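A.B. asks: My structure is below; once you've seen it, I'll send some questions.
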Amino acid sequence: MDQKKIIEKKIHKLRKELSKYNYKYYRMDISEISDYHFDKKLEKLSFLEKKYPEFYDPTSPTIKIGAEFHKTSSISTIFYHKYKMYSLQNTYSKKELIIWKKKISKLIHPLSFVCELKYDGVSINLIYKNGFLTNALTRGDGEKGENVTENIKTIKYVPLKLKGYNYPAYLEIRGEVFLPTKNFIEINKKRIKSGQNPYANPRNTASGTLKIHDHKEVRKRNLFCIAFHVAGKNLPFNTQYESLKYIKNWGFQIPETARFCKNIEEVFHFIDFWNLWKEKLPYQIDGIVIKVNEYQKQSFLGFTNKYPRWAIAYKFKQKLSETKLLSLTFQVGRTGIITPVANVVPISISGTRIKRVALYNDSFIQKMGIHYGDSLLLEKGGNIIPKVTKINIKKRSSKAFPVLFLNKCPSCNSTLTKKNELFYCTSKNCSSQRRKKIKHFVSERAMDIQNIGEKMIKKLYEKGLLYNSYNLYELKKEELLQIEGIKEKLGNSIIKNIEKSKSNPFYKVLYSLGIRHVGEYISRKLTEHFLDINSLMHTNYDHLISISGIGKKITESIITYFSIPENQKVVKKLIKYGLNFSKCSMSKKFSYIEGKSFVFTGKLSCMTRNQAKNMVENLGGSVYHTVNNKIDFIVVGKNFGSKFKKSMEKNHIKILTENLFIDILKKEK
């Protein structure tokens, strides 16, 4: 292979990797890599693209902001920003800041700056017309964002009407929505108490909260909003520092810690101060934003495709935390992958108590040269995932011996198979794999069957009541009452939750099967192209690989999964028990709701808004969160809101009481 081909392959690999991280971060609220390591990869890609312009791609992560929207996303309506929302270029050293300052000083001089804390939350664009909040959009891909207006209205720090009168007729206020640390801890305490998994960190929780359909639940979480930028024409100020005073007078919370800096030395002083005191803040920050103060100079410096040239983010690098390796546990995943986990002397990093650290695979252990009893240096990727970064060799005992991988499965004692640096247990009767598959099946992102966690699965498995996922739909209350810790009330609740899961849409059921490499995104994509499970099971390699976003690895995994008789049996059983393995089977049978659009206002007495939404979508209809020209019906519950008044103004929208809506559902069934 010639040098050009090697470079092209390297560029393609980096783009694919960074796009995956972006998608998981922006669309799924999952951080798999620290900001620092992400930015280093992005820097490497940018260097290669500049050196080899023949491999230019307008969709490269070095150009695109955020992640692409998904066609089937029903979270909200997508709106275009009038003024593009840019990302910020990140830097991790004062040396890089000096280079940035020198670069822009060549174009314009003298320069003064405004320094603000970089809040670790979700960027928001608040649109005001004649002083009234009309829309709130997430940054999205910079060009367009998700409409989260109703949820933003629950935040008491966002004025529905601007104070005073000194503002333009059209105005966009940019800011950050985040969750104070105290609120985050309280939410997690409640989740743990109710048997749910705690959230990973405040940033992801804030992002996920903005996508919740239940506005009352959003209100309970007490999100915070800081406003720090204005976009519009005929603004009554000329500098960033001056704008903050106006934003505050209009009714917003602003970055009170913001500081005007005459030179770069004052910027460094601000950085040093907050690097020392950031842990004392009631919310998380991950750095400092430095902006050129004067708007005229900002306008002259302009923008790249992705960043403003007049602003930059100085990100705080995490200090490494040292702890000792006590022992190793080898965990068996649902696909049979064996993951080594280091049990360490408990240590606190970024406010979280760390007791265990994943070591990924045998290759990672050998590359790091880990020995039993070693002193490990850890960091938390994106303040979330603890990761071994280095080994303190100086503290290693002369008697220490290296960590060696297992030859046998720790669960069923079967001989392990090695493939692509990973060790697998390939036994079909491995109890750990079976329980993990069921755990995935019932998880919140899959079938969302509550009250059945890991401990409950183990009890049911050991009693011989739960061997495959379809056994859940065969469970009887009398059998559950035989299990230690299950009383009448819990037994009824489990049976009810299992039955309720049958209303889940096709893509969720497909995801719950746990096909390797088929996550939520790919599950949705597959249900766009295949109307039912049979057409997917009997498709061929060429058809699958022709679908955008589905490569060789995913295609082979899907073909392999459906070629295994036991998996075919699982699907047939789940179909028999009434799970929705078709995108339009219900809508073909019942035609009244198919193709119709609904909006809900007020509280429904016999079901949640989300349950009603699922029913409409399962019957081929669609649900919107705002009144628009596409709406056919508005369903009015108790304590209805402004949507009802808006729908009265549109002659084509039919008004349904809750009883009329239920009557339609009964006729459909």
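Labels used: A, B, ... for chains in the order of the structure tokens, numbers from 1 for residues in each chain, and numbers from 1 for ligands as shown.
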Compile the contact shell of segment 330-346 of chain A as a list in words: residues with an atom at most 6 Å away, counting only C-alpha atoms, same-chain residues fewer than 6 positions apart removed.

C.D. replies: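 Selected residues are Thr323, Lys324, Ile354, Lys355, Arg356, Val357, Ala358, Leu359, Tyr360, Phe423, Tyr424, Cys425, Gln433, Lys436 and Lys437 of chain A.
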
A.B. asks: Could you pull out the alpha helix (DSSP H) residues of segment 32-263 of chain A, going by DSSP on the backbone, and write them as an MDAnalysis selection string?

C.D. replies: chainID A and resid 35:51 94:105 149:152 181:193 202:209 215:220 240:249

A.B. asks: From the set A:Leu619, A:Leu117, A:Ile457, A:Ile108, which residue has the shortest atom-to-atom contact distance to Trp277 of chain A, counting only C-alpha atoms?

C.D. replies: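 Under the stated criterion, the closest residue is A:Leu117.
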
A.B. asks: Within 10 Å of Tyr473 of chain A, counting only C-alpha atoms, which residues show up once you throw out same-chain ones fewer than 3 positions away? Write them as a list in words, please.

C.D. replies: Leu466, Ser469, Tyr470, Lys476, Ile495, Ile498, Glu499, Ser501, Lys502, Lys573, Leu574, Lys576, Tyr577, Gly578 and Leu579 of chain A

A.B. asks: Residues as selected, N, CA and C atoms, written as a compact mmCIF listing (two decimals), in the first residue's frame, can you do that?

C.D. replies:
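Generated file (result.txt):
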# COMPACT_ATOMS: atom_id res chain seq x y z
N LEU A 466 -36.25 -18.11 34.98
CA LEU A 466 -35.80 -17.14 33.98
C LEU A 466 -34.49 -17.61 33.34
N SER A 469 -34.98 -14.31 27.70
CA SER A 469 -35.78 -13.09 27.87
C SER A 469 -37.28 -13.36 27.74
N TYR A 470 -37.67 -14.30 26.85
CA TYR A 470 -39.10 -14.55 26.66
C TYR A 470 -39.75 -15.20 27.88
N LYS A 476 -45.70 -16.04 36.29
CA LYS A 476 -47.00 -15.90 36.95
C LYS A 476 -46.76 -15.34 38.35
N ILE A 495 -45.58 -7.95 37.32
CA ILE A 495 -46.44 -8.49 36.25
C ILE A 495 -46.99 -7.35 35.40
N ILE A 498 -44.19 -5.90 33.15
CA ILE A 498 -43.88 -6.82 32.04
C ILE A 498 -44.93 -6.67 30.94
N GLU A 499 -46.19 -6.61 31.34
CA GLU A 499 -47.28 -6.46 30.38
C GLU A 499 -47.18 -5.12 29.65
N SER A 501 -44.60 -3.45 28.93
CA SER A 501 -43.47 -3.40 27.99
C SER A 501 -43.87 -3.83 26.58
N LYS A 502 -45.01 -4.51 26.45
CA LYS A 502 -45.46 -4.98 25.13
C LYS A 502 -45.84 -3.82 24.20
N LYS A 573 -40.77 -16.61 19.92
CA LYS A 573 -41.45 -16.63 21.22
C LYS A 573 -41.94 -15.23 21.60
N LEU A 574 -41.06 -14.22 21.39
CA LEU A 574 -41.43 -12.85 21.74
C LEU A 574 -42.57 -12.34 20.86
N LYS A 576 -44.89 -14.32 19.67
CA LYS A 576 -46.04 -15.06 20.21
C LYS A 576 -46.62 -14.35 21.44
N TYR A 577 -45.72 -13.76 22.27
CA TYR A 577 -46.19 -13.11 23.50
C TYR A 577 -46.61 -11.65 23.29
N GLY A 578 -46.67 -11.21 22.03
CA GLY A 578 -47.28 -9.92 21.71
C GLY A 578 -46.38 -8.72 21.62
N LEU A 579 -45.05 -8.93 21.52
CA LEU A 579 -44.15 -7.79 21.37
C LEU A 579 -44.23 -7.22 19.96

A.B. asks: Contacts of Glu520 of chain A at 8 Å or less, counting only C-alpha atoms, minus same-chain residues fewer than 4 places along, as a VMD selection string?

C.D. replies: chain A and resid 507 to 508 511 524

A.B. asks: Mind pulling up the distance from atom CA of Arg445 of chain A to atom CA of Lys569 of chain A?

C.D. replies: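 It comes out at 23.2 Å.
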
A.B. asks: List the spatial neighbours of Tyr36 of chain A as a list in words - criterion: any atom at most 10 Å away, only C-alpha atoms, same-chain residues fewer than 6 positions off excluded.

C.D. replies: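 After dropping sequence-adjacent residues, the list is Leu42, Asn90, Thr91, Tyr92, Lys315, Phe316, Lys317, Gln318, Gly381 and Gly382 of chain A.
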
A.B. asks: From the set A:His37, A:Lys306, A:His215, A:Lys189, which residue has the shortest atom-to-atom contact distance to Ser87 of chain A, counting only C-alpha atoms?

C.D. replies: A:Lys306

A.B. asks: Leaving out Phe598 of chain A and any residue of its chain fewer than 2 positions from it, which residues lie within 9 Å of it when counting only C-alpha atoms, given as a PDB file with N, CA and C atoms, in the first residue's frame?

C.D. replies:
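Written file, around-v2.pdb:
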ATOM      1  N   LYS A 596     -52.186  10.380  10.965  1.00  0.00           N
ATOM      2  CA  LYS A 596     -52.731  11.559  11.640  1.00  0.00           C
ATOM      3  C   LYS A 596     -51.713  12.096  12.662  1.00  0.00           C
ATOM      4  N   PHE A 600     -50.887  17.011  22.629  1.00  0.00           N
ATOM      5  CA  PHE A 600     -51.578  16.843  23.912  1.00  0.00           C
ATOM      6  C   PHE A 600     -51.387  18.093  24.768  1.00  0.00           C
ATOM      7  N   LYS A 613     -48.613   8.878  23.878  1.00  0.00           N
ATOM      8  CA  LYS A 613     -47.756   9.107  22.708  1.00  0.00           C
ATOM      9  C   LYS A 613     -47.367   7.771  22.065  1.00  0.00           C
ATOM     10  N   VAL A 616     -50.323   6.234  20.120  1.00  0.00           N
ATOM     11  CA  VAL A 616     -50.554   6.915  18.833  1.00  0.00           C
ATOM     12  C   VAL A 616     -49.497   6.490  17.813  1.00  0.00           C
ATOM     13  N   GLY A 621     -49.649   6.901  13.919  1.00  0.00           N
ATOM     14  CA  GLY A 621     -49.775   8.350  13.983  1.00  0.00           C
ATOM     15  C   GLY A 621     -48.488   8.995  14.461  1.00  0.00           C
ATOM     16  N   SER A 622     -48.507  10.319  14.580  1.00  0.00           N
ATOM     17  CA  SER A 622     -47.328  11.017  15.095  1.00  0.00           C
ATOM     18  C   SER A 622     -47.770  12.049  16.124  1.00  0.00           C
ATOM     19  N   VAL A 623     -46.850  12.383  17.042  1.00  0.00           N
ATOM     20  CA  VAL A 623     -47.159  13.309  18.134  1.00  0.00           C
ATOM     21  C   VAL A 623     -46.194  14.483  18.097  1.00  0.00           C
ATOM     22  N   TYR A 624     -46.738  15.695  18.156  1.00  0.00           N
ATOM     23  CA  TYR A 624     -45.928  16.909  18.208  1.00  0.00           C
ATOM     24  C   TYR A 624     -46.036  17.531  19.598  1.00  0.00           C
ATOM     25  N   HIS A 625     -45.077  18.399  19.905  1.00  0.00           N
ATOM     26  CA  HIS A 625     -45.081  19.052  21.214  1.00  0.00           C
ATOM     27  C   HIS A 625     -45.581  20.486  21.134  1.00  0.00           C
ATOM     28  N   LYS A 630     -49.452  21.073  10.856  1.00  0.00           N
ATOM     29  CA  LYS A 630     -49.532  19.638  10.560  1.00  0.00           C
ATOM     30  C   LYS A 630     -50.490  18.902  11.485  1.00  0.00           C
ATOM     31  N   ILE A 631     -50.926  19.546  12.574  1.00  0.00           N
ATOM     32  CA  ILE A 631     -51.740  18.887  13.597  1.00  0.00           C
ATOM     33  C   ILE A 631     -53.159  18.616  13.096  1.00  0.00           C
ATOM     34  N   ASP A 632     -53.649  17.380  13.341  1.00  0.00           N
ATOM     35  CA  ASP A 632     -55.038  17.018  13.030  1.00  0.00           C
ATOM     36  C   ASP A 632     -55.917  17.074  14.271  1.00  0.00           C
ATOM     37  N   PHE A 633     -55.365  16.617  15.426  1.00  0.00           N
ATOM     38  CA  PHE A 633     -56.144  16.545  16.661  1.00  0.00           C
ATOM     39  C   PHE A 633     -55.372  17.137  17.836  1.00  0.00           C
ATOM     40  N   ILE A 634     -56.091  17.795  18.739  1.00  0.00           N
ATOM     41  CA  ILE A 634     -55.515  18.152  20.037  1.00  0.00           C
ATOM     42  C   ILE A 634     -56.328  17.429  21.103  1.00  0.00           C
ATOM     43  N   VAL A 635     -55.636  16.702  21.990  1.00  0.00           N
ATOM     44  CA  VAL A 635     -56.287  15.969  23.077  1.00  0.00           C
ATOM     45  C   VAL A 635     -56.149  16.827  24.337  1.00  0.00           C
TER      46      VAL A 635
END

A.B. asks: Quote the spacing between atom CA of Lys390 of chain A and atom CA of Leu320 of chain A in Å to one decimal place.

C.D. replies: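 Computed distance, atom CA of Lys390 of chain A to atom CA of Leu320 of chain A, equals 8.8 Å.
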
A.B. asks: In segment 128-336 of chain A, what's strand (DSSP E) per DSSP? Answer as number ranges by chain?

C.D. replies: A: 128-129, 132-138, 144-146, 170-178, 224-231, 259-261, 285-292, 311-315, 321-332

A.B. asks: Check the smallest atom-to-atom distance from each of A:Ser363, A:Thr77, A:Asn293, A:Ser321 to Lys211 of chain A using only C-alpha atoms, then report the winner.

C.D. replies: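 Of A:Ser363, A:Thr77, A:Asn293, A:Ser321, the one nearest Lys211 of chain A is A:Thr77, counting only C-alpha atoms.
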